[in-house]
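S.K.: Got a structure here, written out as structure tokens. Questions coming.
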Amino acid sequence: MAGSGNAHLRPDALLSARDLVVEFPAAGGRTVYAVSGVSLDLAEGETLGLVGESGCGKSTTGRAILQLPRPTSGTVQLAGQELTELDEDAIREVRPRLQMIYQDPISSLNPRRRVRDIVAEPLFIALENVSRRTAMAVWQERIGELLQSLLRRAAAPLRIVGRLASVAFVLWILSETVEDRAAEGWLGWTQVPAAIIGFPTLALLLLAGAIALLGGLIWVLLAVMLPFGLMSRQFGEVSSAVGLAGVVVTTGASAFMLWRTWSSFGGWAKWLNSGGLILLTAVLAVWLVLSLAKPERAGASGVATTLSAMVVLQVFYVAGLDGGIKLAVLVASAVVDALLFRWVLRRYRVNRDAERERAEPRVREVLEYVGINPDDAMDRRPWEFSGGQAQRLSIARALVSVPQVIICDEPVSSLDVSVQAQILNLLEDLKNLMGLTLIFIAHDLAVVKNVSDRVAVMYLGKLCEVSEPDAMFDAPAHPYTELLLAAIPQPDPEAELGSGRIGGELPSPMDPPSGCRFRTRCPHAAQRCADEEPEMREIAPGRFVACHTPLVGETAPVRVEMASASRDES
Amino acid sequence: MSDASVPDLPGSDGRPLLDVAELRTTFHTAVGPLVAVDGVGWSLRRGARLGVVGESGSGKSVMSRSIMRLLPKSRVTSTGSVSFDGIDMMSLGRRELLEMWGPQLAMVFQDPLGSLNPVMKIGKQVGEGLRVHRDLSARAARSAAFDLLEEVGIPEPHRRIDEYPHQLSGGMRQRIVIAIALACSPRLLIADEPTTALDVTVQAQILDLLEAQRAERNMSLVLITHDLGIVAGRTDEIIVMYAGRIVERAPTATLFSDMRMPYTEALFRSIPKVSDDSHARLEIIGGQPPQMTDLPSGCKFAPRCKYAQDLCYAEEPALIEVPAPTRSRSAITGDGTGGSDGGGGEPDVTHSYRCFYPVGTDDAAEALERNIASGRVNEAGVVIRADD
Ligand SMILES: Nc1ncnc2c1ncn2[C@@H]1O[C@H](COP(=O)(O)OP(=O)(O)OP(=O)(O)O)[C@@H](O)[C@H]1O
Ligand SMILES: Nc1ncnc2c1ncn2[C@@H]1O[C@H](COP(=O)(O)OP(=O)(O)O)[C@@H](O)[C@H]1O
Ligand code: SF4
Ligand code: SF4
Ligand SMILES: [Mg+2]
Ligand SMILES: [Mg+2]
């Protein structure tokens, strides 16, 4: 098996992956050879089963085809288009045509979102691809999502914390307008109660304030960008230009505020008193700049950090002002922030509602395809469904953009037998109905046989055998296939147990055996297997095997001699 | 329903090792009581192998935890009797239970990583039970642990003994869990889905290992799974559970040749088999397992059962016992196997099921015909209107 070679590839395939290699760096400068020269192809309307022990590289192969991540080397062609050479934007445009279904249905669906949005997701990516969706648009959506979910979840506790914090804050500022801070020192008597309530809550204020009160600049940024980001093609470029300008302005404003704050504290004299907070501000400001510079990476923590930093800066800015104006600025900024916040959120919702409305008929249609009642399900969240239903939802999501190829990574492995049967039948029906082309990854041979038109057996990053399932299961040609078949538990008490087990464990992919990678566990291994890697070749019409001495075909008898010869040697 | 009619293995004293009767475990949840195990009873001979099969949520794990007395401390009540070698498990206190766990009963859980201590070396975890129960010194426990690792087929035990669980593959971890369970030579091992998280080759290795160790130690084994394929060749008797109840119990060969319970039949038929042609249509069980806090009245399987009649919705069938033929036809074909076998087999082994229209009877065939005629079930035998 551990064979290479492309004898099994066909010229007219819809998807064709050649010599895929995926290597991951490991600790100690070592390399994990996860996939080492796997070639697969798929004819239109065909289901290719990919089977092998866990850790042999099935998922990695599937993801390499999707360019998630890109393979270390090798080529992937979808309908004649070479995917490995496309840039990120172009790949994003291809994605709707290549969908994936994962093993664990519930955890692969975003728990915060409703079914209608989850299922529609690939559709938006598909639609917006047409209008050249920019990185900035992705980012806006993410922030919007995050804030909405934070708001929903944290509303009650945040209101309390926010109120406490603002009371403390106002007290502190008032006390400062009454007494001269420079004369009284950092903690004047009037400041003590405020400080006691204020400082412990200040940390919480960072987040609370961001959502409930401040963060105005982010909102300005969003407000400017949102209408553009969700518009059509012509505005794509404008939107990214405006976005960039927004980032520059925000960063500049932050730097200015930091500087104002610094000087308002009178330099080194106050450093000792306020050092901790200043330092925090500086660190946050750096994070802010970093996360704004890489908007695509600004996940939940990046955005939270950004917002926190904004609040801290605003706090210090306000604190740095003199006398009565301080209160006025505070109130004004709160009012402006609140108004902006409402306005942006409403805009955002209007946009989402329009998107939803457009997508709704399609979402309903696919939900019905997969046997889920849209009226019940549309507004529920993934964890309200059983494993089997959640897997149906992932299938619906994969179908919604009418992909050319769906890669199913162990879609039934975590399901009960009864649910497994429902999902397998469903995939079969959908295939007949929609002409789907599937790669079906599983470790259960009976399942693979049930769904596949062609089966590829994989071992330690290489292919062993590619064949039509009925022939393969009647007479396995590769020794590994034979042993895999023997391991299947049969629902028949009379069936023989324990004949020809694979002993031992899969060798480490960091240190694969020489020659044929299966030789360390192969009952027929001979010297040649260690010296020479077997090439994939056709041993019977439509049957391809990478083994020096396959169990089927003209070399089969030779194998017996060689096996006994090797036994004599040892 | 202790099962005095099952013959004992030679050499045993005639008493079953484990006798469970009227076991009922209720969780007090926010939405009301959830009876996860409802009046279950069975017994197990020394050295015998029992399979427990059922869909997710049918109460298999709760049943085994109730027997082990490993349930959460609050919001749960467990009643009935569990007698292990004459000892009433239900009356034992914490200290006495600690004495029982290990040398008497042991358990292997589905998730091997979750049942291992991530910060303790393998050797220490395996030897720990021996130090507690056998008073072994650290050195003796270590060498015993080494032997156990060898026995459960861990490659390079001298290296693995000083490693931590995360350094092992899933299959090896499950071997370690088995080594820990076997350390004190328990007389009963309950394996709760020991291979569900593993792939076929490792699964076969683990099941072979369990069988070899059971035979060598003359241990009794309860093998819990949702896959009928796993218990087919590896158990003497099988219990099928649905909604916290036993719905069928029979010697393994009988269960596969003369299954009576429509649920068992449906479970069996939904498994893809390598012997089937590729793209063979699988027979599915329509609908969902029942909501455990809101069970239907009557037969709990009725909404998903292709034979269900009005009677099934009105009244819950009792678990009835009939004599089972000891050796019966090998493969089941799915078409009727004829009425009950009056005098056909040796009447000393029993077959129980909970159904008004048992599979293979004329009543069942007529019931199915009526359902097809009324449109409740389609021609392929699948329930299309899941509610009456
Ligand atoms: N701690 C608990 N509190 C409340 N309900 C519980 C608890 N543990 C289990 N249950 C419920 O008891 C029923 C039986 O659960 P159990 O875990 O025994 O199922 P199972 O047959 O082992 O399924 P699986 O294959 O998923 O493990 C289920 O309805 C489950 O939701
Ligand atoms: N991100 C990664 N970094 C390092 N090794 C990886 C990574 N992803 C996968 N591997 C390794 O690659 C091999 C193949 O993994 P995978 O494709 O997930 O196996 P399968 O899907 O067949 O169970 C395994 O040895 C795995 O540990
Ligand atoms: S016979 Fe040789 S080439 Fe063939 S699978 Fe075995 S080790 Fe590999
Ligand atoms: S036939 Fe009636 S009693 Fe028997 S399983 Fe079906 S519903 Fe239950
Ligand atoms: Mg995988
Ligand atoms: Mg369980």
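Chain labels follow the order of the structure tokens: the first chain is A, the next B, and so on; residue numbering restarts at 1 in every chain, and ligands are counted from 1 in their shown order.
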Name each residue within 7 Å of ligand 1, counting only C-alpha atoms and all ligand atoms, as a PyMOL selection string.
M.R.: chain B and resi 27+29+34+36+54-63+72+226+244+292
S.K.: Given the selection you just returned, output its residues as a file containing all heavy atoms, formatted as a short mmCIF file (atom, residue, chain, number, x, y, z; two decimals), in the first residue's frame.
M.R.:
```cif
data_model
loop_
_atom_site.label_atom_id
_atom_site.label_comp_id
_atom_site.auth_asym_id
_atom_site.auth_seq_id
_atom_site.Cartn_x
_atom_site.Cartn_y
_atom_site.Cartn_z
N PHE B 27 -34.49 10.03 37.82
CA PHE B 27 -33.84 11.33 37.99
C PHE B 27 -34.92 12.38 38.20
O PHE B 27 -35.91 12.39 37.47
CB PHE B 27 -33.03 11.70 36.74
CG PHE B 27 -31.85 10.81 36.53
CD1 PHE B 27 -31.88 9.82 35.56
CD2 PHE B 27 -30.70 10.96 37.29
CE1 PHE B 27 -30.78 8.99 35.35
CE2 PHE B 27 -29.61 10.13 37.10
CZ PHE B 27 -29.64 9.15 36.14
N THR B 29 -35.79 15.73 37.48
CA THR B 29 -35.32 16.82 36.63
C THR B 29 -36.26 18.01 36.75
O THR B 29 -37.34 17.92 37.35
CB THR B 29 -35.29 16.40 35.15
OG1 THR B 29 -36.64 16.24 34.69
CG2 THR B 29 -34.56 15.09 34.96
N LEU B 34 -37.81 11.61 35.63
CA LEU B 34 -37.38 10.90 34.42
C LEU B 34 -37.00 9.49 34.88
O LEU B 34 -35.99 9.30 35.55
CB LEU B 34 -36.20 11.62 33.80
CG LEU B 34 -35.67 11.14 32.44
CD1 LEU B 34 -34.82 12.24 31.81
CD2 LEU B 34 -34.88 9.87 32.52
N ALA B 36 -35.36 6.57 34.19
CA ALA B 36 -34.38 6.13 33.19
C ALA B 36 -34.30 4.61 33.12
O ALA B 36 -34.00 4.05 32.07
CB ALA B 36 -33.01 6.72 33.50
N GLY B 54 -29.44 -1.39 22.91
CA GLY B 54 -30.54 -0.43 22.82
C GLY B 54 -30.02 0.87 22.25
O GLY B 54 -28.81 1.11 22.25
N GLU B 55 -30.93 1.71 21.77
CA GLU B 55 -30.51 2.99 21.22
C GLU B 55 -30.00 3.90 22.32
O GLU B 55 -30.23 3.65 23.50
CB GLU B 55 -31.71 3.68 20.54
CG GLU B 55 -32.01 3.19 19.15
CD GLU B 55 -33.36 3.70 18.69
OE1 GLU B 55 -34.38 3.24 19.24
OE2 GLU B 55 -33.40 4.55 17.83
N SER B 56 -29.37 4.96 21.91
CA SER B 56 -28.90 5.96 22.84
C SER B 56 -30.06 6.48 23.69
O SER B 56 -31.13 6.76 23.16
CB SER B 56 -28.30 7.07 21.98
OG SER B 56 -27.98 8.15 22.74
N GLY B 57 -29.85 6.58 24.98
CA GLY B 57 -30.90 7.07 25.86
C GLY B 57 -31.86 6.01 26.34
O GLY B 57 -32.81 6.31 27.06
N SER B 58 -31.61 4.74 26.00
CA SER B 58 -32.56 3.70 26.41
C SER B 58 -32.34 3.27 27.86
O SER B 58 -33.11 2.48 28.39
CB SER B 58 -32.46 2.49 25.48
OG SER B 58 -31.14 2.02 25.46
N GLY B 59 -31.29 3.76 28.49
CA GLY B 59 -31.09 3.47 29.91
C GLY B 59 -30.01 2.44 30.19
O GLY B 59 -29.87 1.99 31.33
N LYS B 60 -29.22 2.10 29.21
CA LYS B 60 -28.20 1.08 29.40
C LYS B 60 -27.17 1.52 30.44
O LYS B 60 -26.86 0.78 31.39
CB LYS B 60 -27.48 0.79 28.08
CG LYS B 60 -28.41 0.46 26.93
CD LYS B 60 -27.68 0.23 25.62
CE LYS B 60 -26.90 1.39 25.05
NZ LYS B 60 -27.69 2.50 24.54
N SER B 61 -26.66 2.73 30.28
CA SER B 61 -25.62 3.19 31.19
C SER B 61 -26.18 3.41 32.59
O SER B 61 -25.53 3.08 33.58
CB SER B 61 -25.00 4.50 30.71
OG SER B 61 -24.55 4.38 29.41
N VAL B 62 -27.37 3.97 32.66
CA VAL B 62 -27.95 4.22 33.99
C VAL B 62 -28.18 2.90 34.69
O VAL B 62 -27.94 2.76 35.90
CB VAL B 62 -29.26 5.04 33.88
CG1 VAL B 62 -29.92 5.17 35.24
CG2 VAL B 62 -28.98 6.41 33.29
N MET B 63 -28.60 1.88 33.96
CA MET B 63 -28.80 0.57 34.57
C MET B 63 -27.49 0.05 35.14
O MET B 63 -27.44 -0.39 36.30
CB MET B 63 -29.35 -0.42 33.55
CG MET B 63 -29.57 -1.80 34.13
SD MET B 63 -30.26 -2.94 32.91
CE MET B 63 -28.78 -3.39 32.02
N PRO B 72 -25.13 9.64 40.62
CA PRO B 72 -24.91 10.91 41.32
C PRO B 72 -25.60 10.88 42.68
O PRO B 72 -26.54 10.11 42.89
CB PRO B 72 -25.58 11.94 40.41
CG PRO B 72 -25.93 11.26 39.15
CD PRO B 72 -25.87 9.81 39.36
N HIS B 226 -24.74 -0.32 21.34
CA HIS B 226 -25.94 -0.12 20.55
C HIS B 226 -25.84 -0.89 19.24
O HIS B 226 -26.70 -0.79 18.39
CB HIS B 226 -26.24 1.37 20.32
CG HIS B 226 -25.20 2.10 19.54
ND1 HIS B 226 -24.39 3.05 20.10
CD2 HIS B 226 -24.84 2.01 18.26
CE1 HIS B 226 -23.57 3.52 19.18
NE2 HIS B 226 -23.82 2.90 18.05
N GLY B 244 -35.99 2.52 28.95
CA GLY B 244 -35.75 2.12 30.33
C GLY B 244 -36.28 0.75 30.71
O GLY B 244 -36.18 0.35 31.86
N MET B 292 -38.12 10.90 27.35
CA MET B 292 -38.18 10.09 28.58
C MET B 292 -39.00 10.75 29.69
O MET B 292 -39.40 10.09 30.64
CB MET B 292 -36.77 9.78 29.09
CG MET B 292 -36.01 8.83 28.19
SD MET B 292 -36.73 7.18 28.11
CE MET B 292 -36.35 6.60 29.77
#
```
S.K.: Would you return as a PyMOL selection string the members of segment 6-250 of chain B that DSSP assigns to helix (DSSP H, G or I) on this structure's backbone?
M.R.: chain B and resi 60-68+89-91+94-100+122-134+138-151+157-160+165-167+170-182+200-217+228-232
S.K.: Got a sec: who's within 6 Å of segment 37-49 of chain B, counting only C-alpha atoms, leaving out chain neighbours fewer than 6 positions off, as a ChimeraX atom specification?
M.R.: /B:1-3,16-25,59,218-222,235-236,244-245
S.K.: Pull out every residue of chain A sitting within 7 Å of chain B, counting only C-alpha atoms, and send them as a PyMOL selection string.
M.R.: chain A and resi 53-54+416-418+421-422+425+443-444+446-447+449-452+469-470+484+487-495+497+502
S.K.: Taking only C-alpha atoms and all ligand atoms into account, which residues are within 6 Å of ligand 3, as a ChimeraX atom specification?
M.R.: /A:1,479,516,518-519,522,524-526,529,534,547-549
S.K.: Take the residues just selected and output them with all heavy atoms as an mmCIF file, in the first residue's frame.
M.R.:
```
data_model
loop_
_atom_site.group_PDB
_atom_site.id
_atom_site.type_symbol
_atom_site.label_atom_id
_atom_site.label_comp_id
_atom_site.auth_asym_id
_atom_site.auth_seq_id
_atom_site.Cartn_x
_atom_site.Cartn_y
_atom_site.Cartn_z
ATOM 1 N N MET A 1 0.683 -1.050 0.000
ATOM 2 C CA MET A 1 0.000 0.000 0.000
ATOM 3 C C MET A 1 0.707 1.087 0.000
ATOM 4 O O MET A 1 0.902 1.824 -0.473
ATOM 5 C CB MET A 1 -0.666 0.052 1.127
ATOM 6 C CG MET A 1 -0.171 0.817 1.985
ATOM 7 S SD MET A 1 -1.086 1.026 2.714
ATOM 8 C CE MET A 1 -1.834 0.411 2.416
ATOM 9 N N PRO A 479 -3.788 -7.073 1.058
ATOM 10 C CA PRO A 479 -3.814 -7.750 2.368
ATOM 11 C C PRO A 479 -4.459 -6.893 3.465
ATOM 12 O O PRO A 479 -5.134 -7.420 4.349
ATOM 13 C CB PRO A 479 -2.332 -7.986 2.672
ATOM 14 C CG PRO A 479 -1.660 -8.019 1.345
ATOM 15 C CD PRO A 479 -2.448 -7.098 0.450
ATOM 16 N N CYS A 516 6.793 -0.636 1.384
ATOM 17 C CA CYS A 516 5.352 -0.662 1.596
ATOM 18 C C CYS A 516 5.073 -0.283 3.039
ATOM 19 O O CYS A 516 5.590 -0.910 3.961
ATOM 20 C CB CYS A 516 4.805 -2.058 1.322
ATOM 21 S SG CYS A 516 3.066 -2.187 1.751
ATOM 22 N N PHE A 518 2.614 -0.778 4.840
ATOM 23 C CA PHE A 518 1.843 -1.756 5.609
ATOM 24 C C PHE A 518 2.703 -2.943 6.037
ATOM 25 O O PHE A 518 2.249 -3.816 6.760
ATOM 26 C CB PHE A 518 0.654 -2.237 4.764
ATOM 27 C CG PHE A 518 -0.282 -3.159 5.493
ATOM 28 C CD1 PHE A 518 -0.809 -2.813 6.738
ATOM 29 C CD2 PHE A 518 -0.645 -4.381 4.952
ATOM 30 C CE1 PHE A 518 -1.673 -3.659 7.414
ATOM 31 C CE2 PHE A 518 -1.510 -5.235 5.627
ATOM 32 C CZ PHE A 518 -2.026 -4.868 6.855
ATOM 33 N N ARG A 519 3.950 -2.967 5.621
ATOM 34 C CA ARG A 519 4.709 -4.204 5.783
ATOM 35 C C ARG A 519 4.890 -4.631 7.244
ATOM 36 O O ARG A 519 5.020 -5.811 7.523
ATOM 37 C CB ARG A 519 6.059 -4.100 5.090
ATOM 38 C CG ARG A 519 7.024 -3.163 5.761
ATOM 39 C CD ARG A 519 8.358 -3.157 5.059
ATOM 40 N NE ARG A 519 9.157 -2.036 5.461
ATOM 41 C CZ ARG A 519 9.890 -2.009 6.592
ATOM 42 N NH1 ARG A 519 9.931 -3.056 7.373
ATOM 43 N NH2 ARG A 519 10.568 -0.925 6.904
ATOM 44 N N CYS A 522 1.757 -6.598 7.862
ATOM 45 C CA CYS A 522 1.221 -7.423 6.779
ATOM 46 C C CYS A 522 1.644 -8.877 6.952
ATOM 47 O O CYS A 522 2.824 -9.169 7.111
ATOM 48 C CB CYS A 522 1.734 -6.907 5.439
ATOM 49 S SG CYS A 522 1.158 -7.904 4.051
ATOM 50 N N HIS A 524 1.808 -11.043 4.762
ATOM 51 C CA HIS A 524 2.492 -11.559 3.576
ATOM 52 C C HIS A 524 3.777 -10.810 3.262
ATOM 53 O O HIS A 524 4.317 -10.950 2.177
ATOM 54 C CB HIS A 524 1.567 -11.466 2.348
ATOM 55 C CG HIS A 524 0.213 -12.023 2.595
ATOM 56 N ND1 HIS A 524 0.007 -13.329 2.967
ATOM 57 C CD2 HIS A 524 -1.024 -11.464 2.562
ATOM 58 C CE1 HIS A 524 -1.287 -13.550 3.136
ATOM 59 N NE2 HIS A 524 -1.931 -12.425 2.911
ATOM 60 N N ALA A 525 4.247 -9.993 4.183
ATOM 61 C CA ALA A 525 5.390 -9.136 3.875
ATOM 62 C C ALA A 525 6.631 -9.956 3.531
ATOM 63 O O ALA A 525 6.902 -10.975 4.151
ATOM 64 C CB ALA A 525 5.678 -8.217 5.052
ATOM 65 N N ALA A 526 7.359 -9.503 2.513
ATOM 66 C CA ALA A 526 8.612 -10.153 2.113
ATOM 67 C C ALA A 526 9.696 -9.085 2.039
ATOM 68 O O ALA A 526 9.414 -7.899 2.220
ATOM 69 C CB ALA A 526 8.429 -10.830 0.757
ATOM 70 N N CYS A 529 9.136 -5.992 -0.026
ATOM 71 C CA CYS A 529 8.190 -4.998 0.493
ATOM 72 C C CYS A 529 8.912 -3.912 1.284
ATOM 73 O O CYS A 529 8.439 -2.788 1.388
ATOM 74 C CB CYS A 529 7.141 -5.667 1.360
ATOM 75 S SG CYS A 529 6.312 -7.022 0.534
ATOM 76 N N PRO A 534 5.434 -0.393 -3.488
ATOM 77 C CA PRO A 534 4.578 -0.894 -4.572
ATOM 78 C C PRO A 534 3.861 0.256 -5.274
ATOM 79 O O PRO A 534 3.466 1.238 -4.652
ATOM 80 C CB PRO A 534 3.592 -1.809 -3.853
ATOM 81 C CG PRO A 534 3.609 -1.381 -2.434
ATOM 82 C CD PRO A 534 4.937 -0.778 -2.157
ATOM 83 N N CYS A 547 0.264 -3.248 -4.258
ATOM 84 C CA CYS A 547 0.889 -4.308 -3.465
ATOM 85 C C CYS A 547 1.713 -5.139 -4.427
ATOM 86 O O CYS A 547 1.301 -5.372 -5.561
ATOM 87 C CB CYS A 547 -0.190 -5.164 -2.795
ATOM 88 S SG CYS A 547 0.442 -6.663 -2.027
ATOM 89 N N HIS A 548 2.891 -5.585 -3.989
ATOM 90 C CA HIS A 548 3.724 -6.391 -4.875
ATOM 91 C C HIS A 548 3.058 -7.721 -5.192
ATOM 92 O O HIS A 548 3.245 -8.277 -6.262
ATOM 93 C CB HIS A 548 5.089 -6.641 -4.226
ATOM 94 C CG HIS A 548 5.893 -5.390 -4.082
ATOM 95 N ND1 HIS A 548 6.120 -4.543 -5.132
ATOM 96 C CD2 HIS A 548 6.499 -4.834 -2.998
ATOM 97 C CE1 HIS A 548 6.860 -3.519 -4.705
ATOM 98 N NE2 HIS A 548 7.084 -3.670 -3.409
ATOM 99 N N THR A 549 2.323 -8.247 -4.223
ATOM 100 C CA THR A 549 1.739 -9.575 -4.396
ATOM 101 C C THR A 549 0.278 -9.558 -3.997
ATOM 102 O O THR A 549 -0.099 -10.073 -2.941
ATOM 103 C CB THR A 549 2.479 -10.591 -3.523
ATOM 104 O OG1 THR A 549 2.511 -10.086 -2.186
ATOM 105 C CG2 THR A 549 3.890 -10.818 -4.014
#
```
S.K.: Within 9 Å of ligand 2, which residues show up when you count only C-alpha atoms and all ligand atoms? List them as an MDAnalysis selection string, please.
M.R.: chainID A and resid 22:26 31:35 51:63 409:410 441:443 458:461 508:510
S.K.: Within 8 Å of ligand 4 (counting only C-alpha atoms and all ligand atoms), which residues show up? I'd like them as number ranges by chain.
M.R.: B: 261-263, 298-309, 311-313, 316-317, 354-358, 364, 367
S.K.: Quick one: everything within 12 Å of Ile106 of chain A, counting only C-alpha atoms, minus sequence neighbours fewer than 6 positions away in the same chain. Send it as JSON, numbers by chain.
M.R.: {"A": [112, 115, 118, 381, 382, 383, 384, 385, 386, 387, 388, 389, 390, 391, 392, 393, 394, 411, 414, 415]}
S.K.: Atom CA of Leu98 of chain A to atom CA of Asp12 of chain A: how many Å, to one decimal?
M.R.: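 Atom CA of Asp12 of chain A lies 18.3 Å from atom CA of Leu98 of chain A.
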S.K.: To one decimal place, how far is atom CA of Ser401 of chain A from atom CA of Glu85 of chain A in Å?
M.R.: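 Calculated distance between atom CA of Ser401 of chain A and atom CA of Glu85 of chain A is 23.1 Å.
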S.K.: Counting only C-alpha atoms and all ligand atoms, which residue out of B:Gly102, B:Pro194, B:Pro251, B:Gly86 sits closest to ligand 6?
M.R.: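 Among the listed residues, B:Pro194 lies closest to ligand 6.
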S.K.: Write out as a PDB file with C-alpha atoms, in the first residue's frame all residues of segment 429-463 of chain A that backbone DSSP assigns to strand (DSSP E).
M.R.:
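Generated output (result_14.pdb):
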```
ATOM      1  CA  LEU A 438     -19.749  12.632  -2.768  1.00  0.00           C
ATOM      2  CA  ILE A 439     -16.556  11.669  -1.018  1.00  0.00           C
ATOM      3  CA  PHE A 440     -17.645   9.547   1.915  1.00  0.00           C
ATOM      4  CA  ILE A 441     -15.057   9.061   4.643  1.00  0.00           C
ATOM      5  CA  ALA A 442     -15.651   6.322   7.230  1.00  0.00           C
ATOM      6  CA  ARG A 454     -15.976   3.213  -5.787  1.00  0.00           C
ATOM      7  CA  VAL A 455     -13.965   2.560  -2.646  1.00  0.00           C
ATOM      8  CA  ALA A 456     -10.441   3.706  -1.832  1.00  0.00           C
ATOM      9  CA  VAL A 457      -8.681   2.023   1.075  1.00  0.00           C
ATOM     10  CA  MET A 458      -6.087   4.124   2.827  1.00  0.00           C
ATOM     11  CA  TYR A 459      -3.263   3.207   5.183  1.00  0.00           C
ATOM     12  CA  LYS A 462      -1.094   6.177   1.212  1.00  0.00           C
ATOM     13  CA  LEU A 463      -3.666   4.342  -0.868  1.00  0.00           C
TER      14      LEU A 463
END
```
S.K.: What's the 12 Å shell around Glu216 of chain B, counting only C-alpha atoms, without same-chain residues fewer than 4 positions away, as JSON, numbers by chain?
M.R.: {"B": [47, 151, 182, 185, 187, 209, 210, 211, 212, 220]}
S.K.: So, with only C-alpha atoms and all ligand atoms as the atoms that count, which of A:Asp104, A:Glu468, A:Glu482, A:Glu538 lies closest to ligand 5?
M.R.: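 Counting only C-alpha atoms and all ligand atoms, the residue closest to ligand 5 is A:Asp104.
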S.K.: Go through A:Glu532, A:Val363, A:Ala540, A:Gly45 one by one, measure the shortest atom-to-atom distance of each to Leu433 of chain A using only C-alpha atoms, and give the residue with the smallest value.
M.R.: A:Gly45
S.K.: Neighbouring residues of Arg397 of chain A were defined as those with any atom within 12 Å, considering only C-alpha atoms; residues of the same chain fewer than 4 positions away were excluded. Please report them as a PyMOL selection string.
M.R.: chain A and resi 96+98-102+105+108-110+115-124+362-367+369-370+390-393+401-403+406
